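Here the structure is laid out as structure tokens; the discussion comes afterwards.
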Amino acid sequence: MNENVQTPSACGAERVTGRRRVLAAALGGLAAVAVAAPLVPAEAATTAAAHSATAQAQPSAKAVVEALAAQGLDVRHARDEGPRTIVRGGACVELKSLGCEQMVSTEDASVMVFTTRAAAAAYVGGADDEAARVGRVVLSYGSPTRVVPSRRPAYEKALVAFLRETPTAEDAVRITVQLASEGLLMRHAHDEGPGGIRRGRASEIPGAVDMVATDGPAVIRFRTTRAAATYVGNADDAATRVGTYVLSFGAPSRVATAQQPAYVSALSTVLAG
């Protein structure tokens, strides 16, 4: 296997062990830089300049997506998700095909309202985040979870009581306000509907400098191979690294497992050229 290509399995049989190795490597690297920088400032400056030049020479995520498309791979509906990109329309817009009607995200529980109870149940049954449903309303606790298990019953009890008293209040904003008024943490509420404005997804990924999402894989470019490796090692989505680039196939995967090697091979070819 090409040592420059990394899949989740390359991190070891146990993901936890892989994460510890990545963390240890990261800490070791930081320690080495901290010691070496005062002793050899000229060398450190040269290394930094080399990294900067390399980063500038790398193709953008958009250029990679265009190259993959030229090779006949499915990367339709490319969307800029760079760290400085302002995106109109929140996560609920992306989940519209699943029946998402309204959504308010917070640093704690997020409130999602679906068009039907069946759509809400289907989301909870297939979601990769921790979630609970009450009628058409879903409380999403995130992945990894942002609300510890012992605190979740309080959110769900409050939601059940509110909807019982006000059956027509299946509104994400009203529910968010109600839960917060009962002393439950709902920090930094943000509209995730069509009118919402957010920063690109890469802004939430440590070390990511560029990202383009598609109906197939997302292409994420990182500042360093270490940052890319850390992402793959900790990712809960199907992801493969090639140098400082990561192909994120999603969770659940948007690309069949048998087709993923074709994308990885194409990316390797693009970067080699």
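Identifiers in the structure tokens: chain A, B, ... in order shown; residue index from 1 per chain; ligand index from 1 in order shown.
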Could you name the residues that touch stretch 172-179 of chain A at 8 Å or less, counting only C-alpha atoms, but leaving out those on the same chain fewer than 2 positions away, as a PDB file with N, CA, C and O atoms, in the first residue's frame?
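Wrote result_16.pdb, looks like this:
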ATOM      1  N   GLN A 102     -37.486  22.505   9.602  1.00  0.00           N
ATOM      2  CA  GLN A 102     -36.904  23.588  10.397  1.00  0.00           C
ATOM      3  C   GLN A 102     -35.782  23.012  11.250  1.00  0.00           C
ATOM      4  O   GLN A 102     -35.804  21.836  11.605  1.00  0.00           O
ATOM      5  N   MET A 103     -34.834  23.874  11.595  1.00  0.00           N
ATOM      6  CA  MET A 103     -33.771  23.424  12.493  1.00  0.00           C
ATOM      7  C   MET A 103     -33.112  24.615  13.159  1.00  0.00           C
ATOM      8  O   MET A 103     -32.846  25.636  12.523  1.00  0.00           O
ATOM      9  N   VAL A 104     -32.883  24.473  14.460  1.00  0.00           N
ATOM     10  CA  VAL A 104     -32.086  25.434  15.215  1.00  0.00           C
ATOM     11  C   VAL A 104     -30.978  24.637  15.885  1.00  0.00           C
ATOM     12  O   VAL A 104     -31.247  23.713  16.657  1.00  0.00           O
ATOM     13  N   VAL A 111     -32.553  21.386  17.698  1.00  0.00           N
ATOM     14  CA  VAL A 111     -33.965  21.060  17.501  1.00  0.00           C
ATOM     15  C   VAL A 111     -34.250  20.981  16.007  1.00  0.00           C
ATOM     16  O   VAL A 111     -33.987  21.930  15.268  1.00  0.00           O
ATOM     17  N   MET A 112     -34.801  19.844  15.581  1.00  0.00           N
ATOM     18  CA  MET A 112     -35.139  19.643  14.177  1.00  0.00           C
ATOM     19  C   MET A 112     -36.617  19.295  14.074  1.00  0.00           C
ATOM     20  O   MET A 112     -37.127  18.489  14.857  1.00  0.00           O
ATOM     21  N   VAL A 113     -37.301  19.903  13.120  1.00  0.00           N
ATOM     22  CA  VAL A 113     -38.706  19.598  12.874  1.00  0.00           C
ATOM     23  C   VAL A 113     -38.823  19.039  11.463  1.00  0.00           C
ATOM     24  O   VAL A 113     -38.355  19.663  10.500  1.00  0.00           O
ATOM     25  N   TYR A 155     -34.047  17.072  28.791  1.00  0.00           N
ATOM     26  CA  TYR A 155     -34.432  17.722  27.538  1.00  0.00           C
ATOM     27  C   TYR A 155     -35.695  17.068  26.966  1.00  0.00           C
ATOM     28  O   TYR A 155     -36.636  17.751  26.546  1.00  0.00           O
ATOM     29  N   ALA A 158     -38.864  17.775  29.033  1.00  0.00           N
ATOM     30  CA  ALA A 158     -39.341  19.142  28.815  1.00  0.00           C
ATOM     31  C   ALA A 158     -40.018  19.270  27.453  1.00  0.00           C
ATOM     32  O   ALA A 158     -41.043  19.950  27.313  1.00  0.00           O
ATOM     33  N   LEU A 159     -39.470  18.609  26.449  1.00  0.00           N
ATOM     34  CA  LEU A 159     -40.062  18.668  25.108  1.00  0.00           C
ATOM     35  C   LEU A 159     -41.429  17.993  25.092  1.00  0.00           C
ATOM     36  O   LEU A 159     -42.396  18.535  24.534  1.00  0.00           O
ATOM     37  N   PHE A 162     -43.978  20.224  26.835  1.00  0.00           N
ATOM     38  CA  PHE A 162     -44.311  21.419  26.055  1.00  0.00           C
ATOM     39  C   PHE A 162     -45.256  21.079  24.911  1.00  0.00           C
ATOM     40  O   PHE A 162     -46.253  21.783  24.676  1.00  0.00           O
ATOM     41  N   ALA A 169     -47.273  23.647  18.710  1.00  0.00           N
ATOM     42  CA  ALA A 169     -46.006  24.371  18.861  1.00  0.00           C
ATOM     43  C   ALA A 169     -44.816  23.593  18.309  1.00  0.00           C
ATOM     44  O   ALA A 169     -43.720  23.660  18.852  1.00  0.00           O
ATOM     45  N   GLU A 170     -45.028  22.856  17.230  1.00  0.00           N
ATOM     46  CA  GLU A 170     -43.911  22.130  16.616  1.00  0.00           C
ATOM     47  C   GLU A 170     -43.098  23.102  15.769  1.00  0.00           C
ATOM     48  O   GLU A 170     -43.054  23.032  14.542  1.00  0.00           O
ATOM     49  N   SER A 181     -35.684  28.358  28.596  1.00  0.00           N
ATOM     50  CA  SER A 181     -36.385  29.010  29.711  1.00  0.00           C
ATOM     51  C   SER A 181     -36.539  28.080  30.907  1.00  0.00           C
ATOM     52  O   SER A 181     -36.754  28.538  32.028  1.00  0.00           O
ATOM     53  N   GLU A 182     -36.411  26.778  30.671  1.00  0.00           N
ATOM     54  CA  GLU A 182     -36.506  25.808  31.760  1.00  0.00           C
ATOM     55  C   GLU A 182     -35.138  25.478  32.349  1.00  0.00           C
ATOM     56  O   GLU A 182     -34.990  24.523  33.113  1.00  0.00           O
ATOM     57  N   GLY A 183     -34.150  26.270  31.978  1.00  0.00           N
ATOM     58  CA  GLY A 183     -32.823  26.109  32.560  1.00  0.00           C
ATOM     59  C   GLY A 183     -31.938  25.102  31.867  1.00  0.00           C
ATOM     60  O   GLY A 183     -30.842  24.787  32.360  1.00  0.00           O
ATOM     61  N   LEU A 184     -32.376  24.602  30.711  1.00  0.00           N
ATOM     62  CA  LEU A 184     -31.559  23.647  29.963  1.00  0.00           C
ATOM     63  C   LEU A 184     -30.603  24.406  29.046  1.00  0.00           C
ATOM     64  O   LEU A 184     -30.977  25.416  28.449  1.00  0.00           O
ATOM     65  N   LEU A 185     -29.385  23.926  28.938  1.00  0.00           N
ATOM     66  CA  LEU A 185     -28.392  24.615  28.116  1.00  0.00           C
ATOM     67  C   LEU A 185     -28.762  24.527  26.639  1.00  0.00           C
ATOM     68  O   LEU A 185     -28.924  23.438  26.079  1.00  0.00           O
ATOM     69  N   MET A 186     -28.892  25.691  26.011  1.00  0.00           N
ATOM     70  CA  MET A 186     -29.156  25.793  24.569  1.00  0.00           C
ATOM     71  C   MET A 186     -28.336  26.980  24.071  1.00  0.00           C
ATOM     72  O   MET A 186     -28.863  27.976  23.584  1.00  0.00           O
ATOM     73  N   ALA A 189     -27.650  29.587  19.906  1.00  0.00           N
ATOM     74  CA  ALA A 189     -28.641  29.082  18.947  1.00  0.00           C
ATOM     75  C   ALA A 189     -28.428  29.720  17.581  1.00  0.00           C
ATOM     76  O   ALA A 189     -28.126  30.912  17.467  1.00  0.00           O
TER      77      ALA A 189
END
- Message: Env of A:Pro194: 9 Å cut, atoms = only C-alpha atoms, seq-sep filter 3 positions within chain, self excluded. Answer as number ranges by chain.
- Response: A: 88-93, 102, 191, 197
For all heavy atoms, I'd like the residues from the last selection saved as a short mmCIF file (atom, residue, chain, number, x, y, z; two decimals), in the first residue's frame.
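result-v4.cif written:
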data_model
loop_
_atom_site.label_atom_id
_atom_site.label_comp_id
_atom_site.auth_asym_id
_atom_site.auth_seq_id
_atom_site.Cartn_x
_atom_site.Cartn_y
_atom_site.Cartn_z
N ARG A 88 -25.07 30.49 2.56
CA ARG A 88 -26.47 30.81 2.84
C ARG A 88 -27.29 29.52 2.81
O ARG A 88 -27.21 28.75 1.87
CB ARG A 88 -27.01 31.80 1.81
CG ARG A 88 -26.32 33.15 1.89
CD ARG A 88 -26.98 34.19 1.00
NE ARG A 88 -26.29 35.46 1.10
CZ ARG A 88 -26.50 36.35 2.06
NH1 ARG A 88 -27.39 36.10 2.99
NH2 ARG A 88 -25.83 37.48 2.10
N GLY A 89 -28.07 29.33 3.85
CA GLY A 89 -28.84 28.09 3.97
C GLY A 89 -28.12 27.13 4.89
O GLY A 89 -26.97 26.77 4.65
N GLY A 90 -28.79 26.75 5.97
CA GLY A 90 -28.14 25.91 6.97
C GLY A 90 -28.25 24.42 6.70
O GLY A 90 -28.61 23.98 5.60
N ALA A 91 -27.97 23.63 7.73
CA ALA A 91 -27.92 22.18 7.60
C ALA A 91 -29.27 21.60 7.20
O ALA A 91 -29.33 20.58 6.51
CB ALA A 91 -27.45 21.56 8.91
N CYS A 92 -30.36 22.23 7.61
CA CYS A 92 -31.69 21.70 7.29
C CYS A 92 -31.93 21.72 5.78
O CYS A 92 -32.64 20.86 5.25
CB CYS A 92 -32.76 22.51 8.01
SG CYS A 92 -34.40 21.75 7.98
N VAL A 93 -31.34 22.68 5.10
CA VAL A 93 -31.48 22.75 3.65
C VAL A 93 -30.85 21.52 3.01
O VAL A 93 -31.39 20.93 2.07
CB VAL A 93 -30.83 24.04 3.10
CG1 VAL A 93 -30.88 24.07 1.59
CG2 VAL A 93 -31.54 25.27 3.68
N GLN A 102 -37.49 22.50 9.60
CA GLN A 102 -36.90 23.59 10.40
C GLN A 102 -35.78 23.01 11.25
O GLN A 102 -35.80 21.84 11.61
CB GLN A 102 -37.93 24.22 11.34
CG GLN A 102 -39.16 24.81 10.70
CD GLN A 102 -40.16 25.25 11.77
OE1 GLN A 102 -39.82 25.44 12.94
NE2 GLN A 102 -41.40 25.38 11.37
N ASP A 191 -29.93 29.62 13.39
CA ASP A 191 -30.91 29.18 12.40
C ASP A 191 -30.23 28.34 11.32
O ASP A 191 -29.30 28.79 10.67
CB ASP A 191 -31.58 30.41 11.77
CG ASP A 191 -32.59 30.04 10.69
OD1 ASP A 191 -32.99 28.86 10.63
OD2 ASP A 191 -32.99 30.94 9.92
N ILE A 197 -27.41 31.75 7.85
CA ILE A 197 -26.10 32.07 7.29
C ILE A 197 -25.05 31.44 8.20
O ILE A 197 -25.11 31.58 9.42
CB ILE A 197 -25.88 33.59 7.20
CG1 ILE A 197 -26.90 34.22 6.26
CG2 ILE A 197 -24.46 33.90 6.72
CD1 ILE A 197 -26.81 35.73 6.19
#
- Excluding stretch 210-225 of chain A and residues on its chain fewer than 4 positions from it, collect all residues at most 8 Å away from it, counting only C-alpha atoms, and give them as a PyMOL selection string. chain A and resi 55+60-62+64-65+74-83+201-202+229+243-250+254-255
Write a file of the just-selected residues containing N, CA, C and O atoms, as a CSV table (one decimal), in the first residue's frame.
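Generated file (result34.csv):
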chain,number,residue,atom,x,y,z
A,55,ALA,N,2.3,24.7,0.2
A,55,ALA,CA,0.9,24.9,0.3
A,55,ALA,C,0.4,25.7,-0.9
A,55,ALA,O,-0.7,25.4,-1.4
A,60,SER,N,-6.1,23.6,-5.4
A,60,SER,CA,-7.2,23.8,-4.5
A,60,SER,C,-8.2,22.7,-4.5
A,60,SER,O,-8.2,21.8,-5.4
A,61,ALA,N,-9.0,22.6,-3.5
A,61,ALA,CA,-10.1,21.6,-3.4
A,61,ALA,C,-11.0,21.6,-4.7
A,61,ALA,O,-11.4,20.6,-5.2
A,62,LYS,N,-11.2,22.9,-5.1
A,62,LYS,CA,-12.1,23.0,-6.3
A,62,LYS,C,-11.4,22.4,-7.5
A,62,LYS,O,-12.0,21.8,-8.4
A,64,VAL,N,-9.2,20.1,-7.6
A,64,VAL,CA,-9.2,18.6,-7.5
A,64,VAL,C,-10.6,18.1,-7.9
A,64,VAL,O,-10.7,17.1,-8.6
A,65,VAL,N,-11.7,18.7,-7.4
A,65,VAL,CA,-13.0,18.2,-7.8
A,65,VAL,C,-13.2,18.3,-9.3
A,65,VAL,O,-13.8,17.4,-9.9
A,74,ASP,N,-18.3,10.9,-10.1
A,74,ASP,CA,-19.5,11.6,-9.7
A,74,ASP,C,-19.2,12.6,-8.6
A,74,ASP,O,-19.0,12.2,-7.5
A,75,VAL,N,-19.1,13.9,-9.0
A,75,VAL,CA,-18.9,14.9,-8.0
A,75,VAL,C,-19.8,16.1,-8.3
A,75,VAL,O,-19.4,17.3,-8.3
A,76,ARG,N,-21.1,15.7,-8.5
A,76,ARG,CA,-22.1,16.7,-8.9
A,76,ARG,C,-22.4,17.7,-7.7
A,76,ARG,O,-22.1,17.4,-6.5
A,77,HIS,N,-22.9,18.8,-8.1
A,77,HIS,CA,-23.4,19.9,-7.1
A,77,HIS,C,-22.2,20.2,-6.1
A,77,HIS,O,-22.4,20.2,-4.9
A,78,ALA,N,-21.1,20.6,-6.7
A,78,ALA,CA,-20.0,21.0,-5.9
A,78,ALA,C,-20.3,22.3,-5.1
A,78,ALA,O,-20.9,23.2,-5.7
A,79,ARG,N,-19.9,22.4,-3.8
A,79,ARG,CA,-20.3,23.5,-3.0
A,79,ARG,C,-19.0,23.9,-2.2
A,79,ARG,O,-18.4,23.1,-1.5
A,80,ASP,N,-18.7,25.2,-2.2
A,80,ASP,CA,-17.5,25.7,-1.5
A,80,ASP,C,-17.9,25.7,0.0
A,80,ASP,O,-18.8,26.3,0.4
A,81,GLU,N,-17.1,24.9,0.8
A,81,GLU,CA,-17.2,24.9,2.2
A,81,GLU,C,-16.0,25.3,2.9
A,81,GLU,O,-15.6,24.9,4.0
A,82,GLY,N,-15.2,26.2,2.3
A,82,GLY,CA,-14.0,26.7,2.9
A,82,GLY,C,-14.2,27.4,4.2
A,82,GLY,O,-15.3,27.9,4.5
A,83,PRO,N,-13.1,27.5,5.0
A,83,PRO,CA,-13.2,28.1,6.3
A,83,PRO,C,-13.6,29.6,6.4
A,83,PRO,O,-14.2,30.1,7.3
A,201,ARG,N,-18.1,24.5,6.3
A,201,ARG,CA,-17.8,23.4,7.2
A,201,ARG,C,-16.3,23.3,7.6
A,201,ARG,O,-16.0,22.8,8.7
A,202,ALA,N,-15.4,23.7,6.7
A,202,ALA,CA,-14.0,23.6,7.0
A,202,ALA,C,-13.6,24.4,8.3
A,202,ALA,O,-12.6,24.1,8.9
A,229,ALA,N,-4.0,13.4,8.8
A,229,ALA,CA,-4.0,12.1,9.4
A,229,ALA,C,-4.8,12.1,10.7
A,229,ALA,O,-5.5,11.1,11.0
A,243,GLY,N,-1.8,12.3,1.1
A,243,GLY,CA,-1.0,13.5,1.4
A,243,GLY,C,-1.7,14.4,2.4
A,243,GLY,O,-2.2,14.0,3.4
A,244,THR,N,-1.9,15.7,2.0
A,244,THR,CA,-2.6,16.6,2.8
A,244,THR,C,-4.1,16.7,2.4
A,244,THR,O,-4.8,17.6,2.9
A,245,TYR,N,-4.5,15.8,1.6
A,245,TYR,CA,-5.9,15.9,1.1
A,245,TYR,C,-6.7,14.7,1.7
A,245,TYR,O,-6.1,13.6,1.9
A,246,VAL,N,-8.0,14.9,2.0
A,246,VAL,CA,-8.8,13.9,2.5
A,246,VAL,C,-10.1,13.8,1.6
A,246,VAL,O,-10.7,14.8,1.3
A,247,LEU,N,-10.4,12.6,1.2
A,247,LEU,CA,-11.7,12.3,0.6
A,247,LEU,C,-12.7,11.8,1.7
A,247,LEU,O,-12.5,10.8,2.2
A,248,SER,N,-13.7,12.6,2.0
A,248,SER,CA,-14.7,12.2,3.0
A,248,SER,C,-15.9,11.7,2.2
A,248,SER,O,-16.6,12.5,1.5
A,249,PHE,N,-16.2,10.5,2.4
A,249,PHE,CA,-17.3,9.8,1.7
A,249,PHE,C,-18.6,9.9,2.5
A,249,PHE,O,-19.7,9.5,2.0
A,250,GLY,N,-18.6,10.5,3.7
A,250,GLY,CA,-19.8,10.7,4.5
A,250,GLY,C,-20.1,9.6,5.4
A,250,GLY,O,-19.6,8.5,5.4
A,254,ARG,N,-21.8,8.2,1.1
A,254,ARG,CA,-22.5,8.6,-0.2
A,254,ARG,C,-21.9,7.9,-1.4
A,254,ARG,O,-22.5,8.1,-2.5
A,255,VAL,N,-20.8,7.2,-1.2
A,255,VAL,CA,-20.2,6.5,-2.3
A,255,VAL,C,-20.0,5.0,-1.9
A,255,VAL,O,-19.5,4.7,-0.8
